[in-house]
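What's in start-v9.txt: compact mmCIF, C-alpha atoms and all ligand atoms
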# COMPACT_ATOMS: atom_id res chain seq x y z
CA MET A 1 7.40 -21.23 1.95
CA ARG A 2 9.22 -19.25 4.59
CA VAL A 3 8.58 -15.58 3.78
CA PHE A 4 10.42 -12.53 5.11
CA VAL A 5 7.87 -9.72 5.58
CA THR A 6 8.89 -6.12 6.28
CA GLY A 7 6.17 -3.83 7.63
CA ALA A 8 4.62 -6.93 9.18
CA SER A 9 3.17 -4.88 12.07
CA GLY A 10 1.52 -2.30 9.78
CA TRP A 11 -2.00 -1.95 8.44
CA ILE A 12 -1.51 -4.16 5.39
CA GLY A 13 1.15 -6.37 7.01
CA SER A 14 -1.32 -7.27 9.76
CA THR A 15 -3.50 -8.84 7.07
CA VAL A 16 -0.68 -10.29 4.95
CA VAL A 17 0.93 -12.21 7.85
CA PRO A 18 -2.23 -14.12 8.91
CA GLU A 19 -3.05 -14.69 5.24
CA LEU A 20 0.35 -16.35 4.70
CA ILE A 21 0.21 -18.38 7.90
CA GLY A 22 -3.35 -19.45 7.13
CA ALA A 23 -2.15 -20.80 3.79
CA GLY A 24 0.52 -22.92 5.50
CA HIS A 25 3.55 -20.64 5.10
CA GLN A 26 6.02 -19.55 7.77
CA VAL A 27 6.69 -15.86 8.31
CA LEU A 28 9.78 -14.02 9.52
CA GLY A 29 8.62 -10.48 10.30
CA LEU A 30 10.86 -7.42 10.59
CA ALA A 31 10.15 -5.33 13.72
CA ARG A 32 11.94 -2.18 14.86
CA SER A 33 10.44 -1.84 18.35
CA ASP A 34 9.25 -3.97 21.26
CA SER A 35 5.61 -3.17 20.55
CA SER A 36 5.95 -4.06 16.86
CA ALA A 37 7.78 -7.27 17.78
CA GLN A 38 4.94 -8.21 20.14
CA ALA A 39 2.36 -7.54 17.45
CA VAL A 40 4.26 -9.65 14.91
CA ALA A 41 4.77 -12.54 17.36
CA ALA A 42 1.08 -12.42 18.37
CA MET A 43 0.16 -13.20 14.75
CA GLY A 44 2.27 -16.39 14.92
CA ALA A 45 5.33 -15.09 13.04
CA GLU A 46 8.97 -15.29 14.00
CA VAL A 47 10.50 -11.86 14.67
CA LEU A 48 13.66 -10.38 13.17
CA ARG A 49 14.56 -7.22 15.04
CA GLY A 50 15.80 -4.36 12.88
CA ASP A 51 15.18 -1.12 11.07
CA LEU A 52 14.86 -0.55 7.32
CA ASP A 53 18.22 1.22 7.47
CA ASP A 54 19.92 -1.96 8.77
CA LEU A 55 20.79 -3.28 5.33
CA ASP A 56 22.78 -6.23 6.68
CA THR A 57 19.69 -7.33 8.61
CA LEU A 58 17.55 -7.05 5.47
CA ARG A 59 20.03 -9.11 3.45
CA ALA A 60 20.20 -11.74 6.24
CA GLY A 61 16.40 -11.96 6.44
CA ALA A 62 16.15 -12.41 2.68
CA ALA A 63 18.89 -15.05 2.60
CA ASP A 64 17.18 -16.96 5.43
CA CYS A 65 13.85 -17.20 3.56
CA ASP A 66 12.31 -18.47 0.33
CA GLY A 67 10.95 -15.07 -0.59
CA VAL A 68 10.41 -11.48 0.54
CA ILE A 69 7.33 -9.26 0.80
CA HIS A 70 8.45 -5.68 1.39
CA LEU A 71 5.74 -3.48 2.94
CA ALA A 72 7.67 -1.27 5.38
CA PHE A 73 7.58 2.43 4.59
CA GLY A 74 7.90 5.55 6.74
CA HIS A 75 4.66 7.51 6.42
CA ASP A 76 5.83 10.78 7.98
CA PHE A 77 4.75 13.03 5.10
CA THR A 78 7.03 15.85 6.31
CA ARG A 79 10.00 13.54 5.50
CA PHE A 80 8.58 11.73 2.51
CA ASP A 81 11.71 12.08 0.34
CA ASP A 82 13.81 10.49 3.12
CA SER A 83 11.37 7.59 3.21
CA VAL A 84 11.56 7.16 -0.56
CA ARG A 85 15.37 7.05 -0.38
CA ALA A 86 15.35 4.53 2.49
CA ASP A 87 12.89 2.39 0.53
CA ALA A 88 15.13 2.48 -2.56
CA ARG A 89 18.18 1.42 -0.50
CA ALA A 90 16.22 -1.44 1.08
CA VAL A 91 15.06 -2.69 -2.31
CA GLU A 92 18.61 -2.53 -3.64
CA ALA A 93 19.77 -4.64 -0.69
CA PHE A 94 17.06 -7.20 -1.38
CA GLY A 95 18.01 -7.27 -5.05
CA ALA A 96 21.64 -8.00 -4.17
CA ALA A 97 20.67 -10.73 -1.69
CA LEU A 98 18.27 -12.47 -4.08
CA GLU A 99 20.15 -12.04 -7.37
CA GLY A 100 20.39 -15.30 -9.31
CA THR A 101 18.26 -17.27 -6.81
CA GLY A 102 14.92 -17.16 -8.64
CA LYS A 103 13.30 -16.34 -5.29
CA PRO A 104 10.34 -13.95 -5.21
CA LEU A 105 10.59 -10.30 -4.13
CA VAL A 106 7.20 -8.59 -3.89
CA ILE A 107 7.01 -4.91 -3.03
CA ALA A 108 4.16 -2.53 -2.30
CA SER A 109 3.86 0.53 -4.50
CA GLY A 110 1.02 2.54 -5.99
CA THR A 111 -1.17 2.22 -9.06
CA PRO A 112 0.01 4.85 -11.56
CA ALA A 113 -1.88 8.05 -12.28
CA MET A 114 -2.40 8.28 -16.06
CA PRO A 115 -4.35 11.46 -16.84
CA GLY A 116 -7.10 10.79 -19.35
CA LYS A 117 -7.10 7.00 -19.13
CA VAL A 118 -7.66 4.05 -16.86
CA ALA A 119 -4.21 2.74 -15.83
CA THR A 120 -3.57 -0.92 -16.52
CA GLU A 121 -0.80 -3.30 -15.50
CA GLN A 122 0.78 -2.72 -18.92
CA ASP A 123 1.51 0.91 -18.05
CA ARG A 124 4.95 1.58 -16.61
CA PRO A 125 4.81 2.71 -12.97
CA GLU A 126 4.86 6.48 -13.39
CA PHE A 127 3.63 9.60 -11.62
CA PRO A 128 3.66 13.20 -12.79
CA PRO A 129 6.89 15.02 -11.82
CA GLY A 130 6.39 16.69 -8.46
CA SER A 131 3.93 14.06 -7.27
CA PRO A 132 4.98 12.58 -3.91
CA MET A 133 4.80 9.17 -5.60
CA ALA A 134 7.23 9.95 -8.44
CA GLY A 135 10.27 8.61 -6.53
CA ARG A 136 8.41 5.44 -5.57
CA ALA A 137 7.68 4.77 -9.24
CA VAL A 138 11.43 4.78 -9.90
CA THR A 139 11.89 2.14 -7.17
CA ALA A 140 9.05 0.07 -8.62
CA ARG A 141 10.67 0.10 -12.05
CA ALA A 142 14.00 -1.02 -10.49
CA VAL A 143 12.21 -3.97 -8.89
CA LEU A 144 10.60 -5.01 -12.18
CA ASP A 145 14.06 -4.84 -13.79
CA LEU A 146 15.39 -7.34 -11.21
CA ALA A 147 13.64 -10.00 -13.29
CA SER A 148 16.61 -9.85 -15.66
CA ARG A 149 18.96 -10.58 -12.73
CA GLY A 150 17.36 -13.84 -11.66
CA VAL A 151 14.86 -12.50 -9.12
CA ARG A 152 11.16 -13.44 -9.40
CA SER A 153 10.25 -9.82 -8.75
CA SER A 154 6.79 -8.28 -8.74
CA VAL A 155 5.24 -4.98 -7.77
CA VAL A 156 1.79 -4.71 -6.20
CA GLY A 157 0.33 -1.35 -7.18
CA LEU A 158 -1.96 -0.41 -4.33
CA PRO A 159 -4.78 2.06 -4.91
CA ARG A 160 -5.14 5.40 -3.08
CA THR A 161 -7.05 3.75 -0.30
CA VAL A 162 -6.68 0.29 1.23
CA HIS A 163 -9.77 0.44 3.40
CA GLY A 164 -11.33 -1.55 6.22
CA GLU A 165 -12.00 -1.37 9.94
CA GLY A 166 -9.00 0.21 11.66
CA ASP A 167 -7.72 2.04 8.54
CA GLN A 168 -5.83 5.24 9.42
CA GLY A 169 -4.94 6.16 5.81
CA PHE A 170 -6.18 8.80 3.39
CA VAL A 171 -9.91 8.22 4.02
CA SER A 172 -9.43 8.67 7.76
CA TRP A 173 -7.46 11.79 6.97
CA LEU A 174 -10.34 13.14 4.83
CA ILE A 175 -12.77 12.48 7.68
CA ALA A 176 -10.53 14.27 10.19
CA ASP A 177 -10.15 17.15 7.72
CA ALA A 178 -13.96 17.39 7.32
CA ARG A 179 -14.42 17.55 11.09
CA GLU A 180 -11.78 20.25 11.40
CA LYS A 181 -12.94 22.42 8.47
CA GLY A 182 -16.70 21.91 8.85
CA SER A 183 -17.26 20.47 5.36
CA ALA A 184 -16.54 17.20 3.57
CA GLY A 185 -14.13 18.45 0.94
CA TYR A 186 -13.06 17.56 -2.57
CA VAL A 187 -11.13 19.38 -5.30
CA GLY A 188 -12.76 20.65 -8.53
CA ASP A 189 -16.20 19.25 -9.36
CA GLY A 190 -15.70 16.03 -7.38
CA SER A 191 -15.49 13.81 -10.46
CA HIS A 192 -11.83 12.80 -9.98
CA ARG A 193 -11.70 9.13 -9.14
CA TRP A 194 -9.63 7.17 -6.63
CA PRO A 195 -9.17 3.42 -7.01
CA ALA A 196 -9.68 1.43 -3.81
CA VAL A 197 -9.42 -2.05 -2.32
CA HIS A 198 -10.51 -3.74 0.88
CA VAL A 199 -7.52 -4.66 3.05
CA THR A 200 -8.37 -8.39 3.09
CA ASP A 201 -8.32 -8.51 -0.71
CA ALA A 202 -4.98 -6.69 -0.76
CA GLY A 203 -3.57 -9.21 1.73
CA ARG A 204 -4.66 -12.12 -0.43
CA LEU A 205 -3.05 -10.60 -3.51
CA PHE A 206 0.33 -10.30 -1.74
CA ARG A 207 0.13 -14.02 -0.87
CA LEU A 208 -0.74 -14.99 -4.44
CA ALA A 209 2.10 -12.80 -5.74
CA VAL A 210 4.78 -14.36 -3.54
CA GLU A 211 3.49 -17.83 -4.40
CA GLN A 212 2.97 -17.49 -8.13
CA ALA A 213 3.62 -14.15 -9.84
CA PRO A 214 5.98 -14.52 -12.81
CA ALA A 215 9.22 -12.51 -12.75
CA GLY A 216 8.72 -8.86 -13.66
CA SER A 217 4.95 -8.78 -13.00
CA MET A 218 3.21 -5.48 -12.44
CA LEU A 219 0.04 -6.20 -10.48
CA HIS A 220 -2.87 -3.94 -9.56
CA ALA A 221 -4.70 -4.45 -6.27
CA THR A 222 -7.85 -2.56 -7.20
CA GLY A 223 -11.27 -3.77 -6.11
CA ASP A 224 -12.96 -0.49 -7.12
CA GLU A 225 -11.48 0.80 -10.39
CA GLY A 226 -12.35 4.36 -9.45
CA VAL A 227 -14.68 6.01 -6.92
CA ALA A 228 -15.52 9.70 -7.48
CA ILE A 229 -14.06 11.75 -4.65
CA GLY A 230 -17.25 13.83 -4.62
CA ASP A 231 -19.17 10.61 -3.82
CA ILE A 232 -16.74 9.81 -0.99
CA ALA A 233 -17.31 13.34 0.35
CA GLU A 234 -21.09 12.87 0.11
CA VAL A 235 -20.99 9.79 2.37
CA ILE A 236 -18.54 11.43 4.79
CA GLY A 237 -20.68 14.59 4.97
CA ARG A 238 -23.88 12.63 5.56
CA HIS A 239 -22.34 10.57 8.38
CA LEU A 240 -20.87 13.66 10.04
CA GLY A 241 -23.89 15.90 9.41
CA LEU A 242 -21.74 18.28 7.36
CA PRO A 243 -22.15 19.78 3.86
CA ARG A 244 -20.05 18.63 0.91
CA ALA A 245 -17.84 21.38 -0.51
CA SER A 246 -15.33 21.96 -3.28
CA ARG A 247 -12.15 23.52 -1.89
CA PRO A 248 -8.80 24.53 -3.39
CA ALA A 249 -6.11 21.83 -3.51
CA GLU A 250 -3.84 23.92 -1.24
CA ASP A 251 -6.45 23.57 1.48
CA PHE A 252 -5.64 19.85 1.79
CA GLY A 253 -1.87 20.11 2.42
CA PHE A 254 0.13 17.16 1.08
CA LEU A 255 -3.09 15.39 0.04
CA GLY A 256 -4.04 18.24 -2.33
CA SER A 257 -2.07 16.83 -5.26
CA VAL A 258 -3.51 13.35 -4.64
CA LEU A 259 -7.05 14.75 -4.72
CA SER A 260 -6.44 16.81 -7.88
CA ILE A 261 -5.87 13.97 -10.35
CA ASP A 262 -8.34 11.54 -11.88
CA GLN A 263 -6.50 8.23 -11.37
CA PRO A 264 -8.65 5.16 -12.00
CA ALA A 265 -6.80 1.84 -12.34
CA SER A 266 -8.05 -1.52 -13.54
CA SER A 267 -7.00 -4.93 -12.23
CA THR A 268 -8.35 -7.08 -15.06
CA LEU A 269 -4.96 -8.55 -15.96
CA THR A 270 -4.05 -9.23 -12.31
CA ARG A 271 -7.35 -11.06 -11.76
CA GLU A 272 -6.71 -13.22 -14.83
CA LEU A 273 -3.04 -13.88 -14.06
CA LEU A 274 -3.44 -14.95 -10.42
CA ASP A 275 -7.15 -15.82 -10.27
CA TRP A 276 -7.51 -13.03 -7.73
CA ARG A 277 -11.16 -12.30 -6.94
CA PRO A 278 -11.75 -9.28 -4.67
CA ALA A 279 -14.56 -10.24 -2.29
CA GLY A 280 -14.54 -7.47 0.33
CA PRO A 281 -16.91 -4.49 0.30
CA GLY A 282 -16.28 -1.59 -2.07
CA LEU A 283 -15.16 1.72 -0.58
CA LEU A 284 -18.58 3.40 -0.43
CA GLU A 285 -20.19 0.27 1.03
CA ASP A 286 -17.43 0.08 3.65
CA LEU A 287 -17.88 3.76 4.55
CA GLU A 288 -21.62 3.22 4.97
CA LYS A 289 -20.91 0.58 7.63
CA GLY A 290 -19.99 3.46 9.96
CA HIS A 291 -16.77 2.16 11.53
CA TYR A 292 -14.83 5.11 10.06
CA PHE A 293 -16.93 7.56 12.05
CA GLY A 294 -16.13 6.43 15.60
CA ASP A 295 -13.34 8.23 17.45
CA SER A 296 -11.49 10.95 15.55
CA PRO A 297 -8.42 9.36 13.96
CA SER A 298 -4.97 10.76 14.62
CA ARG A 299 -3.30 12.69 11.77
N1 LIG B 1 -2.65 1.86 3.30
C1 LIG B 1 -2.83 2.35 2.06
O1 LIG B 1 -3.94 2.83 1.74
C2 LIG B 1 -1.73 2.27 1.03
C3 LIG B 1 -2.00 2.75 -0.26
C4 LIG B 1 -0.98 2.71 -1.21
C5 LIG B 1 0.25 2.18 -0.89
N2 LIG B 1 0.49 1.72 0.39
C6 LIG B 1 1.82 1.18 0.69
O2 LIG B 1 1.72 -0.13 1.23
C7 LIG B 1 2.79 -0.36 2.16
C8 LIG B 1 2.23 -0.76 3.51
O3 LIG B 1 1.39 0.30 3.94
P1 LIG B 1 0.60 0.28 5.34
O4 LIG B 1 -0.66 1.04 5.11
O5 LIG B 1 0.52 -1.09 5.89
O6 LIG B 1 1.58 1.19 6.22
P2 LIG B 1 1.64 1.37 7.82
O7 LIG B 1 0.40 0.90 8.47
O8 LIG B 1 2.07 2.78 8.05
O9 LIG B 1 2.80 0.39 8.26
C9 LIG B 1 4.13 0.67 7.93
C10 LIG B 1 4.98 -0.48 8.40
O10 LIG B 1 6.34 -0.16 8.08
C11 LIG B 1 7.11 -0.27 9.27
N3 LIG B 1 8.20 0.70 9.20
C12 LIG B 1 8.13 2.01 8.92
N4 LIG B 1 9.34 2.56 8.96
C13 LIG B 1 10.20 1.57 9.27
C14 LIG B 1 11.60 1.51 9.47
N5 LIG B 1 12.37 2.61 9.36
N6 LIG B 1 12.15 0.32 9.80
C15 LIG B 1 11.39 -0.79 9.93
N7 LIG B 1 10.06 -0.80 9.75
C16 LIG B 1 9.48 0.37 9.42
C17 LIG B 1 6.14 0.04 10.38
O11 LIG B 1 6.66 -0.44 11.61
P3 LIG B 1 6.12 0.08 13.06
O12 LIG B 1 4.94 -0.79 13.38
O13 LIG B 1 7.28 -0.16 13.96
O14 LIG B 1 5.77 1.53 12.90
C18 LIG B 1 4.92 -0.71 9.92
O15 LIG B 1 5.07 -2.08 10.16
C19 LIG B 1 3.60 0.93 2.18
O16 LIG B 1 4.61 0.87 1.23
C20 LIG B 1 2.55 1.96 1.76
O17 LIG B 1 3.11 3.17 1.28
C21 LIG B 1 -0.47 1.76 1.35

Target format C-alpha cells, applied to this file:
Amino acid sequence: MRVFVTGASGWIGSTVVPELIGAGHQVLGLARSDSSAQAVAAMGAEVLRGDLDDLDTLRAGAADCDGVIHLAFGHDFTRFDDSVRADARAVEAFGAALEGTGKPLVIASGTPAMPGKVATEQDRPEFPPGSPMAGRAVTARAVLDLASRGVRSSVVGLPRTVHGEGDQGFVSWLIADAREKGSAGYVGDGSHRWPAVHVTDAGRLFRLAVEQAPAGSMLHATGDEGVAIGDIAEVIGRHLGLPRASRPAEDFGFLGSVLSIDQPASSTLTRELLDWRPAGPGLLEDLEKGHYFGDSPSR
C-alpha cells in the first residue's frame, strides 16, 4: 500500500513510518517545516509539504494514496481547543476525499475514561464534559461514522502514555514536575490508574489497522490496562531521590484533570481482531530502565 501519514515526524509517527516501510509499504509523509521534512525523508518516506490547515493538501495526499493514517496534532496545551478544531476540520477533509472509495482512514485518539469500569472497545469514545479530551471524542465518533459513507475508518484509542526512549509526553512532564516541586506527585491516594503502551507496540497497531481493520473499528492500543499513578510516582521518586506525595489536582495545571480520574482500558478485543500482541516493556519496567531520568525534558 501507499499510505499518507500526517504527524510522520512526531513521536508515534517516527515509529509508524519505519513500521510501514519495513512491512513493504510506501509512505507519503506530511511535513510543515524543513526540519520535519528532513526527518520524514531520512526514514525513507516521500514528503508532502503542508500544514494541517491546508485542507486542499490533505485531500490531495489522501487521493494520491491507498489509505491515510492521521497522527498530526498540535500539543500546545494553552491552545488545545484550537488544536481540536483543526483536527476536526482535517478529519472532515479526509472523509470527503475518501468517501465511497473503501480506502482506510485510521486516526489517533484516546482510550475513553469510564469512571467505575474498565473501558473496552465497545464503549463509545467519550470523556467527561470539561475534560480536554471531550472534543477529540466527538471527532473520533465522526470518524467511526464514516464507515456508513464508504470509508474503511478506524480509531486507535491511545492510552495516557505512549512510552519509550525519547518520550516527551505526560510521563516526562511528571518527572519534570517532580524535579521542580521536590516530590513525585499524584492526586488522591494514588490508586487512579493510567493505561499505557510501548511506542513500538503502538506503531505496529497503526500498521495492522491500516492493513486490516474493518470499517468502523474502535481499537485500543493498551499494553498495560492500568498502572496506578501512585506506583508511577514511587518509581519516579526513587530514581530522583525524592519523596512521593499526594497533591491537589490544581497543583498539576492542565494535567490535574488527567491525574484525577481512574481510567483503565482493556485491549482484549483489539488483540483478537488484529492478532496484535504487545511485546514491549510495560510502563514501570520501562521507567526502571532509567532513560527517562537523563537530561531534564522540556515542558
Ligand atoms: N504520545 C502519547 O502519549 C499520546 C497519547 C494519547 C494520544 N496521542 C495522540 O497521538 C497522536 C500522535 O502523537 P505524538 O505523541 O506522536 O505527537 P507529537 O510527537 O507531538 O507529534 C505531533 C506531530 O504532528 C505534527 N503537527 C502538529 N501540528 C501540525 C500542523 N499544524 N500541521 C502539520 N503537522 C502538524 C508535528 O509536526 P512537527 O514535527 O512539524 O512539529 C508532529 O509530526 C496525536 O493525535 C496525539 O494527541 C499521543

Sorted per-residue table, stretch 92-204 of chain A near stretch 251-275 of chain A, closest atoms and distance, 7 Å, only C-alpha atoms, as CSV:
residue,atom,partner,partner_atom,distance
A:Thr111,CA,A:Ala265,CA,6.5
A:Ala113,CA,A:Gln263,CA,4.7
A:Met114,CA,A:Gln263,CA,6.2
A:Pro115,CA,A:Asp262,CA,6.4
A:Val118,CA,A:Pro264,CA,5.1
A:Ala119,CA,A:Ala265,CA,4.4
A:Thr120,CA,A:Ser266,CA,5.4
A:Glu121,CA,A:Leu269,CA,6.7
A:Ser131,CA,A:Ser257,CA,6.9
A:Tyr186,CA,A:Leu259,CA,7.0
A:Val187,CA,A:Ser260,CA,5.9
A:His192,CA,A:Asp262,CA,4.2
A:Arg193,CA,A:Asp262,CA,5.0
A:Trp194,CA,A:Gln263,CA,5.8
A:Pro195,CA,A:Pro264,CA,5.3

Of the residues A:Val106, A:Leu71, A:Val40, A:Val151, which is the one nearest to ligand LIG 1 (chain B), using all atoms listed in the file?
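Of A:Val106, A:Leu71, A:Val40, A:Val151, the one nearest ligand LIG 1 (chain B), counting all atoms listed in the file, is A:Leu71.
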
Residues up to 6 Å from ligand LIG 1 (chain B), counting only C-alpha atoms and all ligand atoms: could you list those as a list of chain:residue names?
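I would give the residues around ligand LIG 1 (chain B) as A:Gly7, A:Ala8, A:Ser9, A:Gly10, A:Trp11, A:Ile12, A:Gly13, A:Ala31, A:Arg32, A:Ser33, A:Ser36, A:Asp51, A:Leu52, A:Leu71, A:Ala72, A:Phe73, A:Gly74, A:His75, A:Ala108, A:Ser109, A:Gly110, A:Leu158, A:Pro159, A:Arg160, A:Thr161, A:Val162, A:Gly169.
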
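Proximity ranking of A:Val227, A:Val197, A:Ala233, A:Met218 relative to A:Gly280 places A:Val197 first, based on all atoms listed in the file.
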
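Non-sequential neighbours of A:Val5 (distance at most 7 Å, separation of 3 or more positions within a chain, all atoms listed in the file) are Ala8, Val27, Leu28, Gly29, Leu30, Val68, Ile69 and His70 of chain A.
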
Taking the point (0.4, -17.9, 8.7) as given in the file, collect each protein or nucleic acid residue that comes within 12 Å of it, counting all atoms listed in the file, and present the set as a PyMOL selection string.
chain A and resi 1-5+8+13-29+40-46+203-204+207

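Of the listed residues A:Ala215, A:Ala221, A:Ala184, A:Leu55, the one whose atoms come nearest to A:Val199 is A:Ala221, with distances taken using only C-alpha atoms.
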